[in-house]
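Undergrad: Contents of coords27.cif (mmCIF, C-alpha atoms and all ligand atoms) are given next:
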data_model
loop_
_atom_site.label_atom_id
_atom_site.label_comp_id
_atom_site.auth_asym_id
_atom_site.auth_seq_id
_atom_site.Cartn_x
_atom_site.Cartn_y
_atom_site.Cartn_z
CA MET W 1 111.73 98.00 110.39
CA GLY W 2 115.08 98.74 109.06
CA PHE W 3 117.14 97.03 106.49
CA ASP W 4 119.41 94.98 108.69
CA GLN W 5 123.02 94.47 107.92
CA ARG W 6 123.02 91.51 110.23
CA ARG W 7 119.96 89.58 111.02
CA ARG W 8 120.76 88.60 114.55
CA SER W 9 117.68 89.47 116.57
CA GLY W 10 119.59 90.51 119.67
CA GLU W 11 121.21 93.38 117.89
CA ARG W 12 117.91 94.41 116.47
CA GLU W 13 116.30 94.50 119.89
CA GLY W 14 119.05 96.71 121.19
CA LEU W 15 118.35 99.28 118.55
CA LYS W 16 114.62 99.07 119.09
CA ASN W 17 115.09 99.66 122.80
CA ARG W 18 117.22 102.69 122.18
CA ILE W 19 114.56 104.08 119.89
CA ALA W 20 111.87 103.33 122.45
CA LYS W 21 113.82 105.19 125.11
CA ARG W 22 114.23 108.22 122.95
CA MET W 23 110.54 108.22 122.20
CA THR W 24 109.46 108.02 125.83
CA GLY W 25 111.21 111.29 126.51
CA ARG W 26 108.97 113.08 124.04
CA SER W 27 105.60 111.81 125.16
CA THR W 28 103.15 113.04 127.79
CA ILE W 29 100.58 111.06 129.74
CA VAL W 30 96.97 111.62 128.63
CA PRO W 31 95.02 112.86 131.68
CA GLY W 32 92.22 110.39 132.38
CA GLY W 33 93.41 108.24 129.48
CA ALA W 34 93.67 104.98 131.41
CA ALA W 35 90.13 105.31 132.78
CA LEU W 36 88.80 106.17 129.34
CA PHE W 37 90.35 103.04 127.84
CA GLN W 38 88.98 100.87 130.63
CA ARG W 39 85.50 102.27 130.00
CA VAL W 40 85.66 101.60 126.28
CA TYR W 41 87.14 98.14 126.95
CA THR W 42 84.01 97.26 128.91
CA ARG W 43 81.67 98.87 126.34
CA LEU W 44 83.16 96.71 123.60
CA GLY W 45 82.25 93.64 125.60
CA CYS W 46 85.81 92.52 126.21
CA GLU W 47 85.81 89.87 128.85
CA GLY W 48 87.69 89.82 132.11
CA ARG W 49 89.30 92.53 134.10
CA PRO W 50 90.67 95.34 131.92
CA PRO W 51 94.47 95.43 131.78
CA ARG W 52 96.47 98.33 133.09
CA PHE W 53 96.51 100.97 130.36
CA ARG W 54 99.20 103.50 129.90
CA VAL W 55 98.03 106.18 127.48
CA GLU W 56 100.28 108.88 126.16
CA PHE W 57 100.35 111.62 123.57
CA TYR W 58 103.27 111.42 121.21
CA PRO W 59 104.38 114.05 118.68
CA TYR W 60 103.42 112.13 115.57
CA SER W 61 103.03 114.25 112.48
CA SER W 62 99.92 112.36 111.46
CA LEU W 63 96.98 110.92 113.36
CA VAL W 64 98.82 107.73 114.18
CA LEU W 65 97.50 105.49 116.92
CA THR W 66 99.61 102.67 118.25
CA ILE W 67 98.96 100.01 120.83
CA ARG W 68 101.04 97.20 122.18
CA ARG W 69 100.91 94.77 125.03
CA ARG W 70 103.92 94.67 127.22
CA GLU W 71 103.80 92.19 130.07
CA GLU W 72 100.71 93.05 132.12
CA ALA W 73 100.23 96.52 130.72
CA VAL W 74 98.88 97.85 127.45
CA TRP W 75 100.70 100.86 126.05
CA VAL W 76 98.76 103.24 123.89
CA ARG W 77 100.13 106.13 121.97
CA LEU W 78 97.92 108.79 120.42
CA SER W 79 99.11 111.58 118.18
CA ASP W 80 99.38 114.81 120.11
CA LEU W 81 97.30 116.30 117.31
CA LEU W 82 94.43 114.86 119.37
CA GLN W 83 95.40 116.84 122.44
CA ARG W 84 92.47 119.20 122.21
CA ALA W 85 90.03 116.76 120.66
CA PRO W 86 86.63 116.32 122.35
CA LEU W 87 86.03 113.32 124.58
CA ASP W 88 83.90 111.39 122.06
CA VAL W 89 86.75 111.63 119.54
CA LEU W 90 89.18 110.06 122.01
CA GLU W 91 86.62 107.38 122.84
CA GLY W 92 86.30 106.62 119.14
CA ALA W 93 90.07 106.30 118.83
CA ALA W 94 90.12 103.97 121.84
CA ALA W 95 87.32 101.86 120.35
CA LEU W 96 89.17 101.46 117.06
CA LEU W 97 92.39 100.42 118.77
CA LEU W 98 90.83 98.04 121.28
CA ALA W 99 88.58 96.44 118.67
CA ARG W 100 91.67 95.67 116.62
CA VAL W 101 93.66 94.15 119.44
CA TYR W 102 90.84 92.25 121.13
CA ARG W 103 89.08 91.32 117.89
CA ARG W 104 85.78 92.95 118.74
CA ARG W 105 83.41 94.82 116.50
CA ALA W 106 83.15 98.46 117.54
CA ALA W 107 79.74 100.06 116.94
CA ALA W 108 79.85 102.72 114.22
CA SER W 109 78.26 105.20 116.63
CA LEU W 110 81.30 104.79 118.86
CA THR W 111 83.97 105.20 116.19
CA ARG W 112 82.28 107.79 113.98
CA PRO W 113 83.30 110.89 116.00
CA TYR W 114 86.96 109.95 115.61
CA LEU W 115 86.65 109.12 111.90
CA ASP W 116 84.81 112.40 111.21
CA TYR W 117 87.43 114.29 113.14
CA ALA W 118 90.25 112.58 111.24
CA ARG W 119 88.66 113.40 107.89
CA SER W 120 87.83 117.01 108.62
CA ASP W 121 89.55 119.76 106.65
CA ARG W 122 90.71 121.41 109.83
CA THR W 123 92.52 118.28 111.02
CA ARG W 124 94.12 117.81 107.62
CA GLN W 125 95.38 121.37 107.63
CA ARG W 126 96.92 120.86 111.05
CA ILE W 127 98.60 117.65 109.90
CA ASN W 128 100.12 119.36 106.88
CA TYR W 129 101.32 122.20 109.03
CA MET W 130 102.98 119.79 111.49
CA ARG W 131 104.60 117.80 108.69
CA ARG W 132 106.34 120.92 107.49
CA ARG W 133 107.40 122.05 110.93
CA ARG W 134 108.65 118.90 112.58
CA ILE W 135 112.18 117.95 111.85
CA PRO W 136 113.02 114.58 113.33
CA PRO W 137 115.89 114.34 115.82
CA GLY W 138 119.19 112.77 114.87
CA ALA W 139 118.82 113.55 111.21
CA ALA W 140 120.51 115.70 108.65
CA GLY W 141 118.80 116.71 105.43
CA PRO W 142 118.54 114.63 102.26
CA GLN W 143 121.46 116.30 100.51
CA GLY W 144 124.59 114.31 101.29
CA ARG W 145 128.12 114.76 100.01
CA HIS W 146 127.63 112.29 97.20
CA PHE W 147 123.99 111.38 97.05
CA ASP W 148 120.91 113.55 97.11
CA LEU W 149 118.22 111.35 98.66
CA GLN W 150 115.50 113.74 97.59
CA LYS W 151 116.39 113.26 93.94
CA LEU W 152 116.73 109.50 94.36
CA PHE W 153 113.34 109.39 96.06
CA GLU W 154 111.67 111.25 93.21
CA SER W 155 113.12 108.96 90.56
CA LEU W 156 112.29 105.77 92.53
CA ASN W 157 108.80 107.08 93.13
CA ALA W 158 108.34 107.62 89.39
CA ARG W 159 109.90 104.29 88.45
CA TYR W 160 108.24 101.98 90.95
CA PHE W 161 105.23 103.75 92.48
CA ASP W 162 103.74 105.69 89.53
CA GLY W 163 104.81 108.80 91.43
CA LYS W 164 102.04 108.10 93.93
CA LEU W 165 103.94 107.37 97.13
CA GLN W 166 103.36 110.07 99.70
CA ARG W 167 106.65 111.73 100.53
CA PRO W 168 107.93 111.17 104.08
CA HIS W 169 110.76 113.14 105.68
CA ILE W 170 114.02 111.84 104.26
CA GLY W 171 117.51 112.36 105.56
CA TRP W 172 120.95 110.99 106.20
CA SER W 173 121.71 109.91 109.75
CA ASN W 174 123.95 112.35 111.61
CA ARG W 175 126.34 109.61 112.56
CA SER W 176 127.33 106.32 110.97
CA TRP W 177 125.45 103.33 112.31
CA ARG W 178 127.01 99.94 112.67
CA ARG W 179 123.94 97.80 112.38
CA GLN W 180 121.55 99.16 109.81
CA PHE W 181 121.60 100.72 106.40
CA GLY W 182 118.28 102.42 106.75
CA CYS W 183 115.13 102.70 108.76
CA TYR W 184 111.60 103.97 108.46
CA ASP W 185 109.90 105.34 111.55
CA PRO W 186 106.14 105.68 110.95
CA GLY W 187 105.72 107.96 113.99
CA PRO W 188 107.49 111.01 112.65
CA ASN W 189 107.00 109.53 109.14
CA HIS W 190 110.67 109.56 108.48
CA ILE W 191 113.16 107.60 106.37
CA LEU W 192 116.77 107.73 107.53
CA LEU W 193 119.69 106.29 105.64
CA ASN W 194 123.00 105.39 107.20
CA ARG W 195 125.54 108.14 106.52
CA ARG W 196 128.13 105.42 105.96
CA MET W 197 126.75 104.90 102.47
CA ASP W 198 127.23 108.52 101.44
CA ARG W 199 130.64 108.06 99.88
CA PRO W 200 132.08 107.63 96.40
CA GLY W 201 132.91 103.90 96.65
CA VAL W 202 129.27 102.99 97.14
CA PRO W 203 127.33 102.43 93.93
CA GLN W 204 124.20 104.49 93.50
CA PHE W 205 121.98 101.45 92.96
CA ALA W 206 122.93 100.16 96.45
CA VAL W 207 121.78 103.42 98.05
CA GLU W 208 118.67 103.33 95.86
CA TYR W 209 117.90 99.80 96.94
CA VAL W 210 118.01 100.71 100.65
CA LEU W 211 115.83 103.75 100.00
CA PHE W 212 113.45 101.61 97.93
CA HIS W 213 113.20 99.10 100.79
CA GLU W 214 112.27 101.86 103.25
CA MET W 215 109.79 103.31 100.75
CA LEU W 216 108.07 99.93 100.72
CA HIS W 217 107.62 100.30 104.48
CA VAL W 218 105.77 103.55 103.79
CA LYS W 219 103.57 101.71 101.32
CA HIS W 220 103.00 98.60 103.47
CA PRO W 221 102.43 99.80 107.00
CA THR W 222 103.31 97.32 109.72
CA ARG W 223 100.26 95.28 110.48
CA ARG W 224 99.27 92.89 113.16
CA SER W 225 99.21 89.21 112.30
CA GLY W 226 97.99 87.15 115.21
CA CYS W 227 100.24 88.22 118.02
CA SER W 228 103.24 89.37 116.08
CA LEU W 229 103.97 92.43 114.05
CA VAL W 230 104.68 91.79 110.41
CA SER W 231 106.85 94.39 108.77
CA HIS W 232 108.22 92.27 105.96
CA SER W 233 105.11 90.54 104.76
CA ARG W 234 105.07 88.19 101.81
CA GLU W 235 103.68 90.99 99.61
CA PHE W 236 106.49 93.24 100.80
CA ARG W 237 109.15 90.68 99.92
CA GLU W 238 107.61 90.02 96.52
CA GLU W 239 107.43 93.68 95.66
CA GLU W 240 110.98 94.24 96.83
CA LYS W 241 112.20 91.91 94.09
CA ARG W 242 110.90 94.33 91.48
CA PHE W 243 113.93 96.48 92.13
CA ALA W 244 116.00 96.18 88.94
CA GLU W 245 119.39 95.55 90.57
CA PHE W 246 117.96 93.59 93.51
CA GLU W 247 120.48 90.72 93.67
CA HIS W 248 123.44 92.87 92.80
CA ALA W 249 122.54 95.51 95.40
CA ARG W 250 122.19 92.89 98.11
CA ARG W 251 125.61 91.48 97.33
CA VAL W 252 127.15 94.96 97.51
CA LEU W 253 125.47 95.61 100.86
CA ASP W 254 126.62 92.27 102.24
CA ARG W 255 130.15 93.26 101.39
CA LEU W 256 129.72 96.72 102.90
CA ALA W 257 128.37 95.22 106.10
CA ARG W 258 131.59 93.39 106.80
ZN ZN S 301 112.66 96.64 106.57
#
Spit out the file's structure as structure tokens when you get a sec.
TA:
Amino acid sequence: MGFDQRRRSGEREGLKNRIAKRMTGRSTIVPGGAALFQRVYTRLGCEGRPPRFRVEFYPYSSLVLTIRRREEAVWVRLSDLLQRAPLDVLEGAAALLLARVYRRRAAASLTRPYLDYARSDRTRQRINYMRRRRIPPGAAGPQGRHFDLQKLFESLNARYFDGKLQRPHIGWSNRSWRRQFGCYDPGPNHILLNRRMDRPGVPQFAVEYVLFHEMLHVKHPTRRSGCSLVSHSREFREEEKRFAEFEHARRVLDRLAR
């Protein structure tokens, strides 16, 4: 989901794998999770033998649910905010996820417990609390030597989003990256910008453009389109062009990437 300096897919995969590895270390298996998903799979009327499910809790700072098929298995990740949720809430979450992937209609009675739980004041309070507490790994704060990302975020938010974009964690990467200028990770809800850009020779509009790009990822969550994930949808690309110095910023970044 990052802004790539180079668009060669191999390099991109490498980074994704490294991120995936880091994430695995922070998750825990949901006891009984695989059986629960198999049960709901059957209740939804999905045909054939259920796949092997691997269900884990992950320290998301919102109620994020993710699912992906990998070879024979289906990997599911639930926010660990659901760790103490009642069984019918987890079943509701499973129904929502499976209905999406297998294109089934989940009965409202099945999904309602999860939706009620997600909307409850208590859950919202816990989410806000977690957002404040969790500092993502590998990140420094938004105040760099030359650019304050917090300030840039506020002004971009006012200029391009009517001040309405919900603020994610924002920070500079601890180390310089070779391959990306920025990335948005929806799990921890976190925008990171490559520390390499935090120096005087880099024009502010180039840093703003990368931040703007990642902010668009916050606004347009990755969605499923057929079998592939779309992070840079047509709407995304169109909206990206609204950035005032779009062409100029891209030329500067192309030069920086060399
Ligand atoms: Zn991107």
Undergrad: So, with all atoms listed in the file as the atoms that count, which of W:Phe181, W:Phe212, W:Tyr60, W:Trp172 lies closest to Leu256 of chain W?
TA: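 Closest to Leu256 of chain W, using all atoms listed in the file: W:Phe181.
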Undergrad: For the atom pair atom CA of Leu149 of chain W and atom CA of Pro221 of chain W, what is the interatomic distance in Å to one decimal place?
TA: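 Computed distance, atom CA of Leu149 of chain W to atom CA of Pro221 of chain W, equals 21.3 Å.
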Undergrad: Give the answer as one residue: which of W:Gln83, W:Ser231, W:Asn194, W:Gln125 has the shortest atom-to-atom distance to ligand ZN 301 (chain S), using all atoms listed in the file?
TA: W:Ser231
Undergrad: Please report as a Markdown table every residue of segment 69-116 of chain W lying within 8 Å of segment 25-44 of chain W, along with the nearest atom pair and their distance in Å (one decimal), using all atoms listed in the file.
TA:
| residue | atom | partner | partner_atom | distance |
| --- | --- | --- | --- | --- |
| W:Glu91 | CA | W:Val40 | CA | 6.8 |
| W:Ala94 | CA | W:Phe37 | CA | 6.1 |
| W:Ala95 | CA | W:Val40 | CA | 6.2 |
| W:Leu98 | CA | W:Tyr41 | CA | 6.8 |
| W:Ala99 | CA | W:Leu44 | CA | 7.3 |
| W:Arg104 | CA | W:Leu44 | CA | 6.7 |
| W:Arg105 | CA | W:Leu44 | CA | 7.4 |
| W:Ala106 | CA | W:Leu44 | CA | 6.3 |
Undergrad: List as a ChimeraX atom specification the protein and nucleic acid residues near segment 152-163 of chain W, meaning an atom at most 12 Å away when only C-alpha atoms are counted, but skip any in the same chain fewer than 5 places from it.
TA: /W:142-144,146-147,168-171,191,193,204-216,218-219,239-244
Undergrad: Would you save the residues of that selection, restricted to C-alpha atoms, as a PDB file, keeping the file's coordinate frame?
TA:
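The resulting file, part38.pdb, is reproduced below:
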ATOM      1  CA  PRO W 142     118.540 114.630 102.260  1.00  0.00           C
ATOM      2  CA  GLN W 143     121.460 116.300 100.510  1.00  0.00           C
ATOM      3  CA  GLY W 144     124.590 114.310 101.290  1.00  0.00           C
ATOM      4  CA  HIS W 146     127.630 112.290  97.200  1.00  0.00           C
ATOM      5  CA  PHE W 147     123.990 111.380  97.050  1.00  0.00           C
ATOM      6  CA  PRO W 168     107.930 111.170 104.080  1.00  0.00           C
ATOM      7  CA  HIS W 169     110.760 113.140 105.680  1.00  0.00           C
ATOM      8  CA  ILE W 170     114.020 111.840 104.260  1.00  0.00           C
ATOM      9  CA  GLY W 171     117.510 112.360 105.560  1.00  0.00           C
ATOM     10  CA  ILE W 191     113.160 107.600 106.370  1.00  0.00           C
ATOM     11  CA  LEU W 193     119.690 106.290 105.640  1.00  0.00           C
ATOM     12  CA  GLN W 204     124.200 104.490  93.500  1.00  0.00           C
ATOM     13  CA  PHE W 205     121.980 101.450  92.960  1.00  0.00           C
ATOM     14  CA  ALA W 206     122.930 100.160  96.450  1.00  0.00           C
ATOM     15  CA  VAL W 207     121.780 103.420  98.050  1.00  0.00           C
ATOM     16  CA  GLU W 208     118.670 103.330  95.860  1.00  0.00           C
ATOM     17  CA  TYR W 209     117.900  99.800  96.940  1.00  0.00           C
ATOM     18  CA  VAL W 210     118.010 100.710 100.650  1.00  0.00           C
ATOM     19  CA  LEU W 211     115.830 103.750 100.000  1.00  0.00           C
ATOM     20  CA  PHE W 212     113.450 101.610  97.930  1.00  0.00           C
ATOM     21  CA  HIS W 213     113.200  99.100 100.790  1.00  0.00           C
ATOM     22  CA  GLU W 214     112.270 101.860 103.250  1.00  0.00           C
ATOM     23  CA  MET W 215     109.790 103.310 100.750  1.00  0.00           C
ATOM     24  CA  LEU W 216     108.070  99.930 100.720  1.00  0.00           C
ATOM     25  CA  VAL W 218     105.770 103.550 103.790  1.00  0.00           C
ATOM     26  CA  LYS W 219     103.570 101.710 101.320  1.00  0.00           C
ATOM     27  CA  GLU W 239     107.430  93.680  95.660  1.00  0.00           C
ATOM     28  CA  GLU W 240     110.980  94.240  96.830  1.00  0.00           C
ATOM     29  CA  LYS W 241     112.200  91.910  94.090  1.00  0.00           C
ATOM     30  CA  ARG W 242     110.900  94.330  91.480  1.00  0.00           C
ATOM     31  CA  PHE W 243     113.930  96.480  92.130  1.00  0.00           C
ATOM     32  CA  ALA W 244     116.000  96.180  88.940  1.00  0.00           C
TER      33      ALA W 244
END
Undergrad: Do a neighbour search on Trp177 of chain W at 10 Å with only C-alpha atoms, toss out local chain neighbours closer than 2 positions, and write the hits as a list in words.
TA: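 Skipping anything fewer than 2 positions along the chain leaves Ser173, Asn174, Arg175, Arg179, Gln180, Phe181, Gly182, Leu193, Asn194, Arg195 and Arg196 of chain W.
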Undergrad: Between W:Arg103, W:Arg145, W:Arg77, W:Arg119, which has the minimum distance to Glu56 of chain W (counting only C-alpha atoms)?
TA: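 Once distances to Glu56 of chain W are computed over only C-alpha atoms, the minimum belongs to W:Arg77.
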Undergrad: Of the residues W:Gln150, W:Phe53, W:Phe236, W:Val252, which is the one nearest to ligand ZN 301 (chain S), using only C-alpha atoms and all ligand atoms?
TA: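 Residue with the minimum atom-to-atom distance to ligand ZN 301 (chain S): W:Phe236.
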Undergrad: What is the distance between atom CA of Tyr117 of chain W and atom CA of Ala85 of chain W, in Å to one decimal?
TA: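 Value for the atom CA of Tyr117 of chain W-atom CA of Ala85 of chain W distance: 8.3 Å.
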Undergrad: Rounded to one decimal, what separation in Å do you get between atom CA of Trp75 of chain W and atom CA of Pro51 of chain W?
TA: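 Atom CA of Pro51 of chain W lies at a distance of 10.1 Å from atom CA of Trp75 of chain W.
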Undergrad: Restricting the calculation to all atoms listed in the file: of W:Ala257, W:Leu90, W:Val74, W:Val101, which residue gets closest to Asp116 of chain W?
TA: W:Leu90
Undergrad: Select, from W:His217, W:Arg199, W:Arg70, W:Arg251, the residue with the minimum atom-to-atom distance to ligand ZN 301 (chain S), counting all atoms listed in the file.
TA: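 Of all the options, W:His217 lies closest to ligand ZN 301 (chain S).
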Undergrad: Box along x, y and z, 5 Å on every side, all listed atoms of segment 167-180 of chain W inside: centre and edge lengths in Å to one decimal, as lines of an AutoDock Vina configuration file.
TA:
center_x = 117.0
center_y = 105.5
center_z = 106.6
size_x = 30.7
size_y = 25.3
size_z = 22.1
Undergrad: Please provide the set of residues having any atom within 8 Å of Gly92 of chain W, restricted to all atoms listed in the file, with same-chain residues fewer than 4 positions apart removed, written as a short mmCIF file (atom, residue, chain, number, x, y, z; two decimals) with C-alpha atoms, in the coordinates of the input.
TA:
data_model
loop_
_atom_site.label_atom_id
_atom_site.label_comp_id
_atom_site.auth_asym_id
_atom_site.auth_seq_id
_atom_site.Cartn_x
_atom_site.Cartn_y
_atom_site.Cartn_z
CA ASP W 88 83.90 111.39 122.06
CA LEU W 96 89.17 101.46 117.06
CA LEU W 110 81.30 104.79 118.86
CA THR W 111 83.97 105.20 116.19
CA ARG W 112 82.28 107.79 113.98
CA PRO W 113 83.30 110.89 116.00
CA TYR W 114 86.96 109.95 115.61
CA LEU W 115 86.65 109.12 111.90
#
